[in-house]
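Enquirer: Below is the file upload_14.cif, which contains mmCIF, C-alpha atoms.
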```cif
data_run
#
loop_
_atom_site.label_atom_id
_atom_site.label_comp_id
_atom_site.auth_asym_id
_atom_site.auth_seq_id
_atom_site.Cartn_x
_atom_site.Cartn_y
_atom_site.Cartn_z
CA ALA A 1394 -16.77 -3.89 -2.63
CA GLN A 1395 -14.57 -0.83 -2.71
CA LYS A 1396 -13.99 0.28 0.84
CA ILE A 1397 -11.76 3.28 0.21
CA THR A 1398 -12.81 6.16 -2.03
CA GLN A 1399 -10.58 8.94 -3.23
CA THR A 1400 -12.69 11.22 -5.39
CA GLN A 1401 -9.93 13.52 -6.63
CA PRO A 1402 -7.94 11.94 -9.47
CA GLY A 1403 -5.68 15.01 -9.60
CA MET A 1404 -5.02 18.09 -7.52
CA PHE A 1405 -2.91 21.19 -8.02
CA VAL A 1406 -1.49 23.40 -5.30
CA GLN A 1407 0.79 26.40 -5.28
CA GLU A 1408 4.11 25.99 -3.54
CA LYS A 1409 3.97 26.96 0.16
CA GLU A 1410 0.19 26.65 0.31
CA ALA A 1411 -1.77 23.94 2.13
CA VAL A 1412 -3.75 21.24 0.35
CA THR A 1413 -6.33 18.69 1.45
CA LEU A 1414 -6.63 15.29 -0.18
CA ASP A 1415 -9.96 13.60 0.39
CA CYS A 1416 -10.57 10.04 1.53
CA THR A 1417 -13.77 8.34 2.61
CA TYR A 1418 -14.07 4.77 3.76
CA ASP A 1419 -16.67 2.17 4.50
CA THR A 1420 -16.53 -0.36 7.30
CA SER A 1421 -18.78 -1.98 9.85
CA ASP A 1422 -15.84 -2.79 12.09
CA GLN A 1423 -15.43 -0.59 15.16
CA SER A 1424 -11.67 -1.05 15.25
CA TYR A 1425 -9.65 -0.08 12.23
CA GLY A 1426 -6.67 1.90 11.11
CA LEU A 1427 -6.33 4.49 8.38
CA PHE A 1428 -3.10 5.13 6.54
CA TRP A 1429 -1.73 7.48 3.92
CA TYR A 1430 1.08 6.60 1.56
CA LYS A 1431 3.04 8.68 -0.92
CA GLN A 1432 4.23 7.30 -4.24
CA PRO A 1433 6.71 9.57 -6.06
CA SER A 1434 7.42 9.17 -9.74
CA SER A 1435 10.24 6.82 -8.83
CA GLY A 1436 7.58 4.32 -7.84
CA GLU A 1437 8.26 3.39 -4.22
CA MET A 1438 5.52 3.53 -1.60
CA ILE A 1439 6.29 5.67 1.44
CA PHE A 1440 4.24 5.45 4.64
CA LEU A 1441 3.24 8.94 5.81
CA ILE A 1442 0.73 8.85 8.65
CA TYR A 1443 -1.61 6.63 10.64
CA GLN A 1444 -4.92 7.23 12.46
CA GLY A 1445 -6.58 4.66 14.69
CA SER A 1446 -10.35 4.52 14.92
CA TYR A 1447 -10.22 5.02 18.68
CA ASP A 1448 -7.76 7.88 18.58
CA GLU A 1449 -9.44 11.02 19.85
CA GLN A 1450 -6.94 13.42 18.39
CA ASN A 1451 -6.07 13.86 14.76
CA ALA A 1452 -2.71 12.38 13.82
CA THR A 1453 0.12 14.68 12.81
CA GLU A 1454 3.55 13.97 11.36
CA GLY A 1455 5.54 17.05 10.52
CA ARG A 1456 3.75 18.83 7.67
CA TYR A 1457 1.19 16.03 7.37
CA SER A 1458 -1.97 15.89 9.40
CA LEU A 1459 -4.99 13.66 9.14
CA ASN A 1460 -8.41 15.26 9.46
CA PHE A 1461 -10.35 12.34 10.92
CA GLN A 1462 -14.13 12.67 11.02
CA LYS A 1463 -15.39 9.34 12.26
CA ALA A 1464 -19.12 9.98 11.91
CA ARG A 1465 -18.65 11.00 8.30
CA LYS A 1466 -16.15 8.17 7.72
CA SER A 1467 -13.60 10.50 6.24
CA ALA A 1468 -9.84 10.65 6.72
CA ASN A 1469 -8.51 13.55 4.72
CA LEU A 1470 -4.80 14.22 4.44
CA VAL A 1471 -3.69 17.82 4.92
CA ILE A 1472 -0.26 18.84 3.68
CA SER A 1473 0.85 22.22 4.95
CA ALA A 1474 3.40 24.49 3.27
CA SER A 1475 3.57 22.41 0.09
CA GLN A 1476 6.95 21.79 -1.46
CA LEU A 1477 7.86 20.82 -5.01
CA GLY A 1478 8.96 17.44 -3.67
CA ASP A 1479 5.41 16.76 -2.52
CA SER A 1480 4.37 16.18 -6.13
CA ALA A 1481 3.39 12.50 -6.17
CA MET A 1482 0.52 10.05 -6.03
CA TYR A 1483 -1.10 9.77 -2.62
CA PHE A 1484 -2.99 6.70 -1.49
CA CYS A 1485 -5.40 6.35 1.38
CA ALA A 1486 -5.65 2.87 2.90
CA MET A 1487 -7.57 1.11 5.64
CA ARG A 1488 -7.00 -2.01 7.65
CA GLU A 1489 -9.79 -3.48 9.75
CA ALA A 1490 -8.95 -5.23 13.00
CA ILE A 1491 -11.23 -8.10 12.04
CA ASN A 1492 -9.04 -8.75 9.01
CA ASN A 1493 -5.84 -6.94 9.76
CA ASN A 1494 -3.85 -8.74 7.09
CA ASP A 1495 -5.75 -7.07 4.28
CA MET A 1496 -4.94 -3.39 3.87
CA ARG A 1497 -7.23 -1.94 1.22
CA PHE A 1498 -6.11 0.99 -0.89
CA GLY A 1499 -7.96 3.74 -2.68
CA ALA A 1500 -7.29 4.58 -6.33
CA GLY A 1501 -5.07 7.49 -5.39
CA THR A 1502 -4.82 11.24 -5.99
CA ARG A 1503 -2.07 12.75 -8.09
CA LEU A 1504 -0.83 15.95 -6.47
CA THR A 1505 1.12 18.50 -8.48
CA VAL A 1506 2.83 21.35 -6.68
CA LYS A 1507 3.32 24.43 -8.85
CA PRO A 1508 6.30 26.75 -8.29
CA ASN B 907 19.52 -0.40 5.99
CA ALA B 908 18.27 -2.43 3.04
CA GLY B 909 14.64 -2.71 4.20
CA VAL B 910 12.62 -4.65 1.61
CA THR B 911 14.50 -5.67 -1.51
CA GLN B 912 12.76 -6.83 -4.66
CA THR B 913 14.30 -8.34 -7.76
CA PRO B 914 14.12 -7.96 -10.66
CA LYS B 915 13.05 -4.35 -11.18
CA PHE B 916 11.79 -4.96 -14.69
CA ARG B 917 10.85 -8.07 -16.64
CA ILE B 918 9.16 -8.93 -19.90
CA LEU B 919 7.56 -12.36 -20.12
CA LYS B 920 5.96 -14.17 -22.99
CA ILE B 921 2.50 -15.63 -22.56
CA GLY B 922 2.74 -19.02 -20.87
CA GLN B 923 6.16 -18.47 -19.35
CA SER B 924 6.77 -18.69 -15.62
CA MET B 925 8.90 -16.64 -13.28
CA THR B 926 9.58 -15.94 -9.63
CA LEU B 927 9.63 -12.46 -8.15
CA GLN B 928 12.03 -12.32 -5.25
CA CYS B 929 11.44 -10.40 -2.02
CA THR B 930 13.76 -10.20 0.99
CA GLN B 931 13.51 -8.10 4.13
CA ASP B 932 16.11 -7.59 6.83
CA MET B 933 13.94 -6.03 9.54
CA ASN B 934 12.84 -9.30 11.15
CA HIS B 935 9.22 -8.56 10.30
CA ASN B 936 6.87 -11.48 10.69
CA TYR B 937 4.28 -10.21 8.27
CA MET B 938 4.94 -9.99 4.54
CA TYR B 939 2.66 -9.14 1.63
CA TRP B 940 2.49 -9.15 -2.14
CA TYR B 941 0.46 -6.48 -3.90
CA ARG B 942 -0.11 -5.64 -7.52
CA GLN B 943 -0.80 -2.17 -8.85
CA ASP B 944 -2.51 -1.81 -12.19
CA PRO B 945 -2.24 1.48 -14.09
CA GLY B 946 -4.19 4.28 -12.44
CA MET B 947 -5.31 2.02 -9.63
CA GLY B 948 -4.55 1.39 -6.01
CA LEU B 949 -2.83 -1.71 -4.72
CA LYS B 950 -4.56 -5.06 -4.44
CA LEU B 951 -3.41 -7.83 -2.12
CA ILE B 952 -2.33 -11.06 -3.80
CA TYR B 953 -0.97 -13.15 -0.92
CA TYR B 954 0.30 -12.57 2.55
CA SER B 955 2.25 -14.42 5.20
CA VAL B 956 2.15 -14.09 8.98
CA GLY B 957 5.34 -16.03 9.52
CA ALA B 958 7.60 -18.72 8.14
CA GLY B 959 5.55 -21.62 6.82
CA ILE B 960 2.24 -19.73 6.92
CA THR B 961 0.67 -18.10 3.88
CA ASP B 962 -2.83 -17.14 2.85
CA LYS B 963 -4.71 -15.70 -0.10
CA GLY B 964 -5.56 -12.07 -0.52
CA GLU B 965 -8.03 -10.36 -2.81
CA VAL B 966 -6.53 -11.45 -6.17
CA PRO B 967 -4.59 -14.73 -5.76
CA ASN B 968 -5.46 -16.50 -9.01
CA GLY B 969 -2.46 -17.25 -11.20
CA TYR B 970 0.06 -16.84 -8.38
CA ASN B 971 1.71 -18.94 -5.71
CA VAL B 972 3.88 -18.09 -2.73
CA SER B 973 6.05 -19.80 -0.18
CA ARG B 974 7.66 -18.64 3.06
CA SER B 975 10.45 -20.92 4.17
CA THR B 976 12.29 -18.23 6.15
CA THR B 977 11.37 -15.02 7.94
CA GLU B 978 13.39 -13.00 5.44
CA ASP B 979 12.17 -14.32 2.09
CA PHE B 980 8.75 -14.30 0.46
CA PRO B 981 8.95 -15.16 -3.26
CA LEU B 982 5.97 -14.81 -5.59
CA ARG B 983 5.63 -17.36 -8.37
CA LEU B 984 3.77 -16.70 -11.62
CA GLU B 985 2.79 -19.83 -13.49
CA LEU B 986 1.64 -19.62 -17.12
CA ALA B 987 1.89 -15.84 -17.43
CA ALA B 988 -1.07 -14.04 -18.99
CA PRO B 989 -1.41 -10.46 -20.32
CA SER B 990 -3.76 -9.72 -17.39
CA GLN B 991 -0.77 -10.14 -15.08
CA THR B 992 0.96 -7.12 -16.59
CA SER B 993 1.31 -4.90 -13.57
CA VAL B 994 3.69 -3.46 -11.00
CA TYR B 995 4.26 -5.83 -8.11
CA PHE B 996 5.10 -4.64 -4.64
CA CYS B 997 6.35 -6.65 -1.74
CA ALA B 998 5.85 -5.23 1.75
CA SER B 999 6.50 -6.18 5.34
CA SER B 1000 5.34 -5.06 8.76
CA TYR B 1001 5.49 -5.83 12.44
CA SER B 1002 2.87 -8.24 13.61
CA ARG B 1003 0.10 -7.32 15.95
CA GLN B 1004 -3.61 -7.33 15.45
CA GLY B 1005 -4.82 -3.84 14.77
CA ALA B 1006 -1.26 -2.56 14.84
CA ASN B 1007 -0.64 0.97 13.70
CA TYR B 1008 2.46 0.09 11.80
CA GLY B 1009 2.59 1.21 8.25
CA TYR B 1010 4.03 -1.22 5.79
CA THR B 1011 7.55 -0.99 4.47
CA PHE B 1012 7.45 -1.48 0.74
CA GLY B 1013 10.02 -2.65 -1.75
CA SER B 1014 10.73 -0.58 -4.83
CA GLY B 1015 8.51 -2.72 -7.04
CA THR B 1016 8.84 -5.01 -10.05
CA ARG B 1017 7.39 -3.84 -13.33
CA LEU B 1018 6.20 -6.90 -15.23
CA THR B 1019 4.97 -6.94 -18.81
CA VAL B 1020 3.45 -10.05 -20.36
CA VAL B 1021 3.38 -10.06 -24.16
#
```
Let me see whether you can do it: turn the structure in this file into structure tokens.
Expert:
Amino acid sequence: AQKITQTQPGMFVQEKEAVTLDCTYDTSDQSYGLFWYKQPSSGEMIFLIYQGSYDEQNATEGRYSLNFQKARKSANLVISASQLGDSAMYFCAMREAINNNDMRFGAGTRLTVKP
Amino acid sequence: NAGVTQTPKFRILKIGQSMTLQCTQDMNHNYMYWYRQDPGMGLKLIYYSVGAGITDKGEVPNGYNVSRSTTEDFPLRLELAAPSQTSVYFCASSYSRQGANYGYTFGSGTRLTVV
């Protein structure tokens, strides 16, 4: 069963504006980790940010922040001050502690930053 | 730093042929993974390894084999290639620890076409 859902196949944002990419997940495990990856057109996968299920504060890494709402099982990625170089595919992923060798990925959201 | 190196970057196979996708990492990571990414989809786990001599199946292992004779190398073998194996293959590695918050380090991918 699909455990990670990204409902936005594509998103557009104006340069210098903020954008939120949605991610919901499904798990019965109490301990898990949530990840976001960026995949530029060149194809490599770049790790952006991590949120643990027991972390009380939302994770932040530079212009990236993760809006973690545990009760709603959502882990949205917020990119502030968008740059042209942010145009890429973005994947949400989850790894459960009970099976921490299996990181499951969503289908991705293609973000396009307009000048 | 080289990180995770995959070869080849591109390959075209005929139906029924075999090949080995190479993956090497120089970060002394215990954990290594093989994923495939079909067009417009997220990544799916094929096989993983928690250390030299130890491998296990992921979500989509059929048609593939792996071995892990050293910490550095984790080759993926395709036997009797089929059109359904046309995909982009990613190798990844990470530090080991249950529930660890380490994102994976990915290779640049191998684009395989089976005709």
Enquirer: So how far away is atom CA of Thr961 of chain B from atom CA of Ile1491 of chain A, in Å?
Expert: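 Interatomic distance here is 17.6 Å.
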Enquirer: As a ChimeraX atom specification, could you give me every residue of chain A near chain B (at most 9 Å apart, counting all atoms listed in the file)?
Expert: /A:1424-1430,1435-1445,1484-1485,1488-1501
Enquirer: Write a file of the just-selected residues containing C-alpha atoms, as a PDB file, keeping the file's coordinate frame.
Expert:
```pdb
ATOM      1  CA  SER A1424     -11.670  -1.050  15.250  1.00  0.00           C
ATOM      2  CA  TYR A1425      -9.650  -0.080  12.230  1.00  0.00           C
ATOM      3  CA  GLY A1426      -6.670   1.900  11.110  1.00  0.00           C
ATOM      4  CA  LEU A1427      -6.330   4.490   8.380  1.00  0.00           C
ATOM      5  CA  PHE A1428      -3.100   5.130   6.540  1.00  0.00           C
ATOM      6  CA  TRP A1429      -1.730   7.480   3.920  1.00  0.00           C
ATOM      7  CA  TYR A1430       1.080   6.600   1.560  1.00  0.00           C
ATOM      8  CA  SER A1435      10.240   6.820  -8.830  1.00  0.00           C
ATOM      9  CA  GLY A1436       7.580   4.320  -7.840  1.00  0.00           C
ATOM     10  CA  GLU A1437       8.260   3.390  -4.220  1.00  0.00           C
ATOM     11  CA  MET A1438       5.520   3.530  -1.600  1.00  0.00           C
ATOM     12  CA  ILE A1439       6.290   5.670   1.440  1.00  0.00           C
ATOM     13  CA  PHE A1440       4.240   5.450   4.640  1.00  0.00           C
ATOM     14  CA  LEU A1441       3.240   8.940   5.810  1.00  0.00           C
ATOM     15  CA  ILE A1442       0.730   8.850   8.650  1.00  0.00           C
ATOM     16  CA  TYR A1443      -1.610   6.630  10.640  1.00  0.00           C
ATOM     17  CA  GLN A1444      -4.920   7.230  12.460  1.00  0.00           C
ATOM     18  CA  GLY A1445      -6.580   4.660  14.690  1.00  0.00           C
ATOM     19  CA  PHE A1484      -2.990   6.700  -1.490  1.00  0.00           C
ATOM     20  CA  CYS A1485      -5.400   6.350   1.380  1.00  0.00           C
ATOM     21  CA  ARG A1488      -7.000  -2.010   7.650  1.00  0.00           C
ATOM     22  CA  GLU A1489      -9.790  -3.480   9.750  1.00  0.00           C
ATOM     23  CA  ALA A1490      -8.950  -5.230  13.000  1.00  0.00           C
ATOM     24  CA  ILE A1491     -11.230  -8.100  12.040  1.00  0.00           C
ATOM     25  CA  ASN A1492      -9.040  -8.750   9.010  1.00  0.00           C
ATOM     26  CA  ASN A1493      -5.840  -6.940   9.760  1.00  0.00           C
ATOM     27  CA  ASN A1494      -3.850  -8.740   7.090  1.00  0.00           C
ATOM     28  CA  ASP A1495      -5.750  -7.070   4.280  1.00  0.00           C
ATOM     29  CA  MET A1496      -4.940  -3.390   3.870  1.00  0.00           C
ATOM     30  CA  ARG A1497      -7.230  -1.940   1.220  1.00  0.00           C
ATOM     31  CA  PHE A1498      -6.110   0.990  -0.890  1.00  0.00           C
ATOM     32  CA  GLY A1499      -7.960   3.740  -2.680  1.00  0.00           C
ATOM     33  CA  ALA A1500      -7.290   4.580  -6.330  1.00  0.00           C
ATOM     34  CA  GLY A1501      -5.070   7.490  -5.390  1.00  0.00           C
TER      35      GLY A1501
END
```
Enquirer: Which residue out of B:Ile960, B:Cys997, B:Ala987, B:Val972 has the minimum interatomic distance to Thr930 of chain B when all atoms listed in the file are used?
Expert: B:Cys997
Enquirer: So how far away is atom CA of Gly1478 of chain A from atom CA of Lys1507 of chain A, in Å?
Expert: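 Taking atom CA of Lys1507 of chain A and atom CA of Gly1478 of chain A, their separation equals 10.4 Å.
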Enquirer: Going by the chain IDs and residue numbers used in this file, which residues fall under the PyMOL selection byres ((chain A and resi 1465) around 12)? Write them as a PDB file with C-alpha atoms, in the coordinates of the input.
Expert:
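The result, written out as part.pdb:
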```pdb
ATOM      1  CA  CYS A1416     -10.570  10.040   1.530  1.00  0.00           C
ATOM      2  CA  THR A1417     -13.770   8.340   2.610  1.00  0.00           C
ATOM      3  CA  TYR A1418     -14.070   4.770   3.760  1.00  0.00           C
ATOM      4  CA  ASP A1419     -16.670   2.170   4.500  1.00  0.00           C
ATOM      5  CA  THR A1420     -16.530  -0.360   7.300  1.00  0.00           C
ATOM      6  CA  ASN A1460      -8.410  15.260   9.460  1.00  0.00           C
ATOM      7  CA  PHE A1461     -10.350  12.340  10.920  1.00  0.00           C
ATOM      8  CA  GLN A1462     -14.130  12.670  11.020  1.00  0.00           C
ATOM      9  CA  LYS A1463     -15.390   9.340  12.260  1.00  0.00           C
ATOM     10  CA  ALA A1464     -19.120   9.980  11.910  1.00  0.00           C
ATOM     11  CA  LYS A1466     -16.150   8.170   7.720  1.00  0.00           C
ATOM     12  CA  SER A1467     -13.600  10.500   6.240  1.00  0.00           C
ATOM     13  CA  ALA A1468      -9.840  10.650   6.720  1.00  0.00           C
ATOM     14  CA  ASN A1469      -8.510  13.550   4.720  1.00  0.00           C
TER      15      ASN A1469
END
```
Enquirer: Tell me, as an MDAnalysis selection string, which residues lie within 8 Å of segment 973-975 of chain B, counting all atoms listed in the file; anything in the same chain fewer than 2 positions away does not count.
Expert: chainID B and resid 955 957:961 971 977 979:982
Enquirer: One decimal, in Å: what's the spacing between atom CA of Ser999 of chain B and atom CA of Gln1450 of chain A?
Expert: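 Separating atom CA of Ser999 of chain B from atom CA of Gln1450 of chain A is a distance of 27.1 Å.
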Enquirer: Could N, CA and C atoms be built for segment 1429-1458 of chain A and written out as an mmCIF file, in the coordinates of the input?
Expert:
```
data_model
loop_
_atom_site.group_PDB
_atom_site.id
_atom_site.type_symbol
_atom_site.label_atom_id
_atom_site.label_comp_id
_atom_site.auth_asym_id
_atom_site.auth_seq_id
_atom_site.Cartn_x
_atom_site.Cartn_y
_atom_site.Cartn_z
ATOM 1 N N TRP A 1429 -2.022 6.780 5.170
ATOM 2 C CA TRP A 1429 -1.730 7.480 3.920
ATOM 3 C C TRP A 1429 -0.315 7.120 3.489
ATOM 4 N N TYR A 1430 -0.209 6.893 2.163
ATOM 5 C CA TYR A 1430 1.080 6.600 1.560
ATOM 6 C C TYR A 1430 1.331 7.562 0.408
ATOM 7 N N LYS A 1431 2.614 7.833 0.187
ATOM 8 C CA LYS A 1431 3.040 8.680 -0.920
ATOM 9 C C LYS A 1431 3.802 7.822 -1.925
ATOM 10 N N GLN A 1432 3.500 8.019 -3.201
ATOM 11 C CA GLN A 1432 4.230 7.300 -4.240
ATOM 12 C C GLN A 1432 4.803 8.311 -5.232
ATOM 13 N N PRO A 1433 6.083 8.640 -5.096
ATOM 14 C CA PRO A 1433 6.710 9.570 -6.060
ATOM 15 C C PRO A 1433 6.831 8.914 -7.428
ATOM 16 N N SER A 1434 7.292 9.690 -8.371
ATOM 17 C CA SER A 1434 7.420 9.170 -9.740
ATOM 18 C C SER A 1434 8.410 8.020 -9.821
ATOM 19 N N SER A 1435 9.291 7.925 -8.857
ATOM 20 C CA SER A 1435 10.240 6.820 -8.830
ATOM 21 C C SER A 1435 9.579 5.484 -8.504
ATOM 22 N N GLY A 1436 8.366 5.531 -7.975
ATOM 23 C CA GLY A 1436 7.580 4.320 -7.840
ATOM 24 C C GLY A 1436 7.470 3.700 -6.461
ATOM 25 N N GLU A 1437 8.353 4.040 -5.528
ATOM 26 C CA GLU A 1437 8.260 3.390 -4.220
ATOM 27 C C GLU A 1437 7.077 3.919 -3.428
ATOM 28 N N MET A 1438 6.630 3.153 -2.478
ATOM 29 C CA MET A 1438 5.520 3.530 -1.600
ATOM 30 C C MET A 1438 6.098 3.933 -0.242
ATOM 31 N N ILE A 1439 5.743 5.125 0.201
ATOM 32 C CA ILE A 1439 6.290 5.670 1.440
ATOM 33 C C ILE A 1439 5.152 5.900 2.425
ATOM 34 N N PHE A 1440 5.245 5.279 3.583
ATOM 35 C CA PHE A 1440 4.240 5.450 4.640
ATOM 36 C C PHE A 1440 4.361 6.850 5.228
ATOM 37 N N LEU A 1441 3.226 7.558 5.318
ATOM 38 C CA LEU A 1441 3.240 8.940 5.810
ATOM 39 C C LEU A 1441 2.657 9.072 7.216
ATOM 40 N N ILE A 1442 1.456 8.527 7.427
ATOM 41 C CA ILE A 1442 0.730 8.850 8.650
ATOM 42 C C ILE A 1442 -0.324 7.799 8.917
ATOM 43 N N TYR A 1443 -0.635 7.628 10.200
ATOM 44 C CA TYR A 1443 -1.610 6.630 10.640
ATOM 45 C C TYR A 1443 -2.606 7.270 11.611
ATOM 46 N N GLN A 1444 -3.874 6.808 11.511
ATOM 47 C CA GLN A 1444 -4.920 7.230 12.460
ATOM 48 C C GLN A 1444 -5.686 5.991 12.892
ATOM 49 N N GLY A 1445 -5.784 5.760 14.180
ATOM 50 C CA GLY A 1445 -6.580 4.660 14.690
ATOM 51 C C GLY A 1445 -8.011 5.100 14.924
ATOM 52 N N SER A 1446 -8.928 4.166 14.799
ATOM 53 C CA SER A 1446 -10.350 4.520 14.920
ATOM 54 C C SER A 1446 -10.708 4.993 16.319
ATOM 55 N N TYR A 1447 -9.927 4.610 17.313
ATOM 56 C CA TYR A 1447 -10.220 5.020 18.680
ATOM 57 C C TYR A 1447 -9.407 6.232 19.126
ATOM 58 N N ASP A 1448 -8.562 6.712 18.221
ATOM 59 C CA ASP A 1448 -7.760 7.880 18.580
ATOM 60 C C ASP A 1448 -8.650 9.114 18.611
ATOM 61 N N GLU A 1449 -8.567 9.852 19.708
ATOM 62 C CA GLU A 1449 -9.440 11.020 19.850
ATOM 63 C C GLU A 1449 -8.859 12.248 19.164
ATOM 64 N N GLN A 1450 -7.563 12.273 19.038
ATOM 65 C CA GLN A 1450 -6.940 13.420 18.390
ATOM 66 C C GLN A 1450 -6.510 13.070 16.965
ATOM 67 N N ASN A 1451 -6.542 14.063 16.111
ATOM 68 C CA ASN A 1451 -6.070 13.860 14.760
ATOM 69 C C ASN A 1451 -4.560 13.634 14.756
ATOM 70 N N ALA A 1452 -4.133 12.683 13.908
ATOM 71 C CA ALA A 1452 -2.710 12.380 13.820
ATOM 72 C C ALA A 1452 -1.972 13.490 13.085
ATOM 73 N N THR A 1453 -0.742 13.731 13.502
ATOM 74 C CA THR A 1453 0.120 14.680 12.810
ATOM 75 C C THR A 1453 1.522 14.085 12.716
ATOM 76 N N GLU A 1454 2.164 14.368 11.590
ATOM 77 C CA GLU A 1454 3.550 13.970 11.360
ATOM 78 C C GLU A 1454 4.212 15.057 10.536
ATOM 79 N N GLY A 1455 4.891 15.957 11.221
ATOM 80 C CA GLY A 1455 5.540 17.050 10.520
ATOM 81 C C GLY A 1455 4.535 17.912 9.777
ATOM 82 N N ARG A 1456 4.677 18.016 8.457
ATOM 83 C CA ARG A 1456 3.750 18.830 7.670
ATOM 84 C C ARG A 1456 2.474 18.089 7.294
ATOM 85 N N TYR A 1457 2.388 16.833 7.683
ATOM 86 C CA TYR A 1457 1.190 16.030 7.370
ATOM 87 C C TYR A 1457 0.285 15.956 8.590
ATOM 88 N N SER A 1458 -0.983 16.134 8.350
ATOM 89 C CA SER A 1458 -1.970 15.890 9.400
ATOM 90 C C SER A 1458 -3.159 15.175 8.772
#
```
